[in-house]
Each structure stands twice: as structure tokens, then as C-alpha cells.
Amino acid sequence: MDLDAVRTFVTAADAGRFQDAADDLSITQQAVSKRIAALERILGVQLFTRTARGAKLTIDGQAFLPHARALLRAEERAMASVQPGSRALRVDVLGRRGGPAGLLREFHRTHPEVELDVVTLFDIDAAVAAIRSGTIDASFRAVSMPGWRLPEDVEAARVFDEPLQLLTGPAHELAAARTVTLAELVGHRIWIPGAAPGTEWAAYYDDLTAAFGLTIETTGPDFGVEPLLDTIADSRSLATFVSEQSRLVWPADQGLRRIDVRDPTPVYPHSLLWRRDNLHPALAAFRDHLRSRQAEAEHPTTGTWAPAWA
């Protein structure tokens, strides 16, 4: 359906005269008549009757008018969805409880005028494909894991190193500790279900295991945070790693413990990825926000560990 013809119909219906509609649209009266005639042929009905006072909607014209207005509103929304600055900034995060999601919440507090759309994609390949297709504007990922290369049209900047903590139940041997070292974790079972081979987080934990001789088990399906917390709370031998800024809530009777890891502190290296030619103004503002936050942060550069590929 020709939306110019629909717009002409709505304008004529509001004006009540084809000549007035022509003036409003800056076209000729003949062009108005031709557009409406073409629309009538598509619909198979007559939309106007001519009177001495101008043009009057028929019953079919009255029935079609609200739908015609809806079509024009849909056109406006469709155009706005692809115009930088008028559509939401779409950012992918690994999870809505972790540090990158917290950075987005912080950015939203300081820039409430920016509309955000937060999504969670599975792995880095899916995220990069979405960036390159324009489905999303940016993604927080750990790059570049072994065997993976950043496409030339995608840029990445390391913006946030998130420390890991040990999470145990109250009966675990290390539950009373305020801090633990990686050396003290040797021989303890650390369970991280769902770390699928080939993903960036699996590559991270593979390198952490190899570097410090840890026992990290990735067996079993990932049923989500709550079942994991239930298992850890009831176990005397299992612990898990959680990021320092993960927003976790559990029943008081579970008695879970979050314990800082030291000497060194393992950090998960978050980078922001975006397409080089993305001109969304909110993306530029978000990158500026991350740069200023990084400059103000007082994270130590020594005493931490990240994989060499990061």
C-alpha cells in the first residue's frame, strides 16, 4: 500500500477539500485526485463523495480512516527505530546481575534521557554477529580468547576488570575466612556449571585452572542462579566463583559467604565491542562515561590476574 496515498487520504479527510489537501501537501489538486483514486482501486471501495462543499467521506472511508492513521503512526515509529538518537541504545551483557549491567545502570542514572535496551546473548560469536548486522550497538565481552579474531569492522576497548570472589556455604571448610589466596584453593572443588567449551568464560576458567592448579568442575547443566546457590549452601565441599559486583540475593537461613580472593586477585576482563561506523550519539556518550569512570577508578594494576590473551 502506497503510504503517500494513505497520507493524502488522511489529509483530505481532515481538510474536507481536495484543494486544501493539495495546499497542505504542496502538490496539485490533480495529484491528490490521482493518489486517492489509486488507493480506492487497491481497496476496491469508494472513499469520498464529491459535494458542493468539497469531499465527504463515505461509510467505507470512515471505516478506513482510523486504520490509515495507524499506518502513518507505524511509519513514524519504523523510521524512528533506525535514526540515531531517536531509538534506544541496545547493549548486550553476559548477565543482568553482573558488573557490566551495573555499569549500564550507573550510566542510566547519570544520563536518564538516554533510552536503553539491555539484551543477553549467549557467546561472543553471536554478539559480534549482532553488532555487525546492526541488531545491537555494543556488547560487553572478554576478548580475544585463543583462536578468535576481532573482525576489522568491529572495535574493542578493555573497560572494566571485575574481581572474582569465592562463594561458599556455611559448612564449607573456608566459610570462616575473610580472604583466601589462590594457593589455598588448590584441592578444593569449585563448581561452575554450564561453562560450555568454546565460550569466552570457559576459556577464562581453563586458563585460571592451568595457571594455579585449581580444580574447577564445569559438569552439569546450568539451571540458573537460584539452583546453584541452593547447591552451594547445602554443600561442605563445593564452592563457586562469583563476580564482585554480582547482585545476588538469598534466604537468610542459607548462610552463604562471599570471600575475597587475594595473591593474586583473579579479574574478569570486560571489553566493550562496537561497530566502527556506528554513529549512535548515545554510544559515544556511553564510551565517554566508561573512559571517565576508568580514569577515576583506583583498581590496582598489580596483584591481579587475567589470562594472557586478554
# chains A, B, ... in the order shown; residues from 1 in each chain; ligands from 1
call {"tool": "residues_around", "arguments": {"residues": "stretch 167-179 of chain A", "least_positions_apart": "5", "cutoff": "10 Å", "atoms": "only C-alpha atoms", "output": "JSON, numbers by chain"}}
result
{"A": [184, 185, 188, 190, 229, 230, 231, 232, 233, 234, 235, 236, 237, 238, 239, 240, 241, 242, 243, 253, 254, 255, 256, 257, 258, 259, 260, 261, 262, 263]}
call {"tool": "write_last_selection", "arguments": {"atoms": "N, CA and C atoms", "output": "compact mmCIF listing (two decimals), in the first residue's frame"}}
result
# COMPACT_ATOMS: atom_id res chain seq x y z
N GLU A 184 45.55 -21.33 48.39
CA GLU A 184 44.74 -22.03 49.39
C GLU A 184 43.54 -22.74 48.77
N LEU A 185 43.20 -22.40 47.54
CA LEU A 185 42.07 -23.04 46.88
C LEU A 185 42.45 -24.34 46.18
N HIS A 188 40.48 -27.81 46.52
CA HIS A 188 39.05 -27.60 46.76
C HIS A 188 38.28 -27.66 45.43
N ILE A 190 35.68 -26.40 42.93
CA ILE A 190 34.96 -25.18 42.54
C ILE A 190 34.06 -25.55 41.37
N LEU A 229 22.88 -21.52 43.95
CA LEU A 229 23.01 -21.08 45.33
C LEU A 229 22.50 -22.14 46.30
N ASP A 230 21.40 -22.79 45.95
CA ASP A 230 20.87 -23.86 46.81
C ASP A 230 21.90 -24.97 47.00
N THR A 231 22.55 -25.37 45.90
CA THR A 231 23.54 -26.45 45.97
C THR A 231 24.74 -26.04 46.81
N ILE A 232 25.25 -24.84 46.57
CA ILE A 232 26.42 -24.37 47.31
C ILE A 232 26.10 -24.24 48.80
N ALA A 233 24.91 -23.75 49.13
CA ALA A 233 24.53 -23.55 50.53
C ALA A 233 24.51 -24.86 51.31
N ASP A 234 24.14 -25.95 50.64
CA ASP A 234 23.99 -27.24 51.32
C ASP A 234 25.25 -28.10 51.27
N SER A 235 26.30 -27.62 50.60
CA SER A 235 27.48 -28.46 50.37
C SER A 235 28.62 -28.11 51.33
N ARG A 236 29.32 -29.18 51.79
CA ARG A 236 30.51 -28.99 52.60
C ARG A 236 31.78 -28.92 51.75
N SER A 237 31.67 -29.31 50.47
CA SER A 237 32.88 -29.43 49.65
C SER A 237 32.87 -28.54 48.41
N LEU A 238 31.69 -28.14 47.95
CA LEU A 238 31.61 -27.35 46.73
C LEU A 238 31.62 -25.86 47.04
N ALA A 239 32.32 -25.10 46.20
CA ALA A 239 32.26 -23.64 46.21
C ALA A 239 32.14 -23.18 44.76
N THR A 240 31.94 -21.92 44.56
CA THR A 240 31.89 -21.39 43.20
C THR A 240 32.49 -20.00 43.20
N PHE A 241 32.77 -19.50 42.00
CA PHE A 241 33.23 -18.12 41.85
C PHE A 241 32.05 -17.25 41.42
N VAL A 242 31.99 -16.05 41.98
CA VAL A 242 31.02 -15.05 41.54
C VAL A 242 31.77 -13.74 41.36
N SER A 243 31.30 -12.91 40.46
CA SER A 243 31.95 -11.62 40.28
C SER A 243 31.61 -10.69 41.44
N ASP A 253 18.56 -18.01 55.89
CA ASP A 253 18.93 -19.28 56.51
C ASP A 253 19.93 -20.08 55.67
N GLN A 254 20.22 -19.64 54.43
CA GLN A 254 21.23 -20.34 53.64
C GLN A 254 22.64 -20.03 54.14
N GLY A 255 22.86 -18.86 54.70
CA GLY A 255 24.14 -18.53 55.31
C GLY A 255 25.32 -18.53 54.35
N LEU A 256 25.11 -18.16 53.11
CA LEU A 256 26.20 -18.16 52.14
C LEU A 256 27.26 -17.12 52.50
N ARG A 257 28.50 -17.37 52.10
CA ARG A 257 29.63 -16.48 52.40
C ARG A 257 30.27 -16.02 51.08
N ARG A 258 30.50 -14.70 50.95
CA ARG A 258 31.27 -14.16 49.82
C ARG A 258 32.66 -13.82 50.37
N ILE A 259 33.70 -14.43 49.79
CA ILE A 259 35.05 -14.31 50.33
C ILE A 259 35.96 -13.72 49.25
N ASP A 260 36.69 -12.67 49.61
CA ASP A 260 37.63 -12.05 48.67
C ASP A 260 38.79 -13.00 48.39
N VAL A 261 39.27 -12.98 47.14
CA VAL A 261 40.40 -13.81 46.73
C VAL A 261 41.60 -12.89 46.52
N ARG A 262 42.76 -13.28 47.06
CA ARG A 262 43.95 -12.43 47.02
C ARG A 262 45.17 -13.23 46.53
N ASP A 263 46.21 -12.49 46.22
CA ASP A 263 47.56 -13.04 45.92
C ASP A 263 47.58 -14.09 44.82
call {"tool": "select_by_dssp", "arguments": {"residues": "stretch 106-276 of chain A", "states": "alpha helix (DSSP H)", "output": "MDAnalysis selection string"}}
result
chainID A and resid 106:110 124:133 200:212 225:234
call {"tool": "closest_residue", "arguments": {"among": "A:Ala68, A:Met1, A:Leu43, A:Ala52", "to": "A:Arg17", "atoms": "only C-alpha atoms"}}
result
A:Ala52
call {"tool": "closest_residue", "arguments": {"among": "A:Gln165, A:Gln19, A:Arg158, A:Ala183", "to": "A:Arg291", "atoms": "only C-alpha atoms"}}
result
A:Arg158
call {"tool": "select_by_dssp", "arguments": {"residues": "stretch 23-223 of chain A", "states": "strand (DSSP E)", "output": "PyMOL selection string"}}
result
chain A and resi 48-51+54-57+89-92+116-119+138-141+154-168+179-181+189-191+215-217
call {"tool": "residues_around", "arguments": {"residues": "stretch 276-283 of chain A", "least_positions_apart": "4", "cutoff": "12 Å", "atoms": "only C-alpha atoms", "output": "VMD selection string"}}
result
chain A and resid 81 to 91 104 107 to 108 111 to 117 131 to 139 150 to 157 272 287 to 290
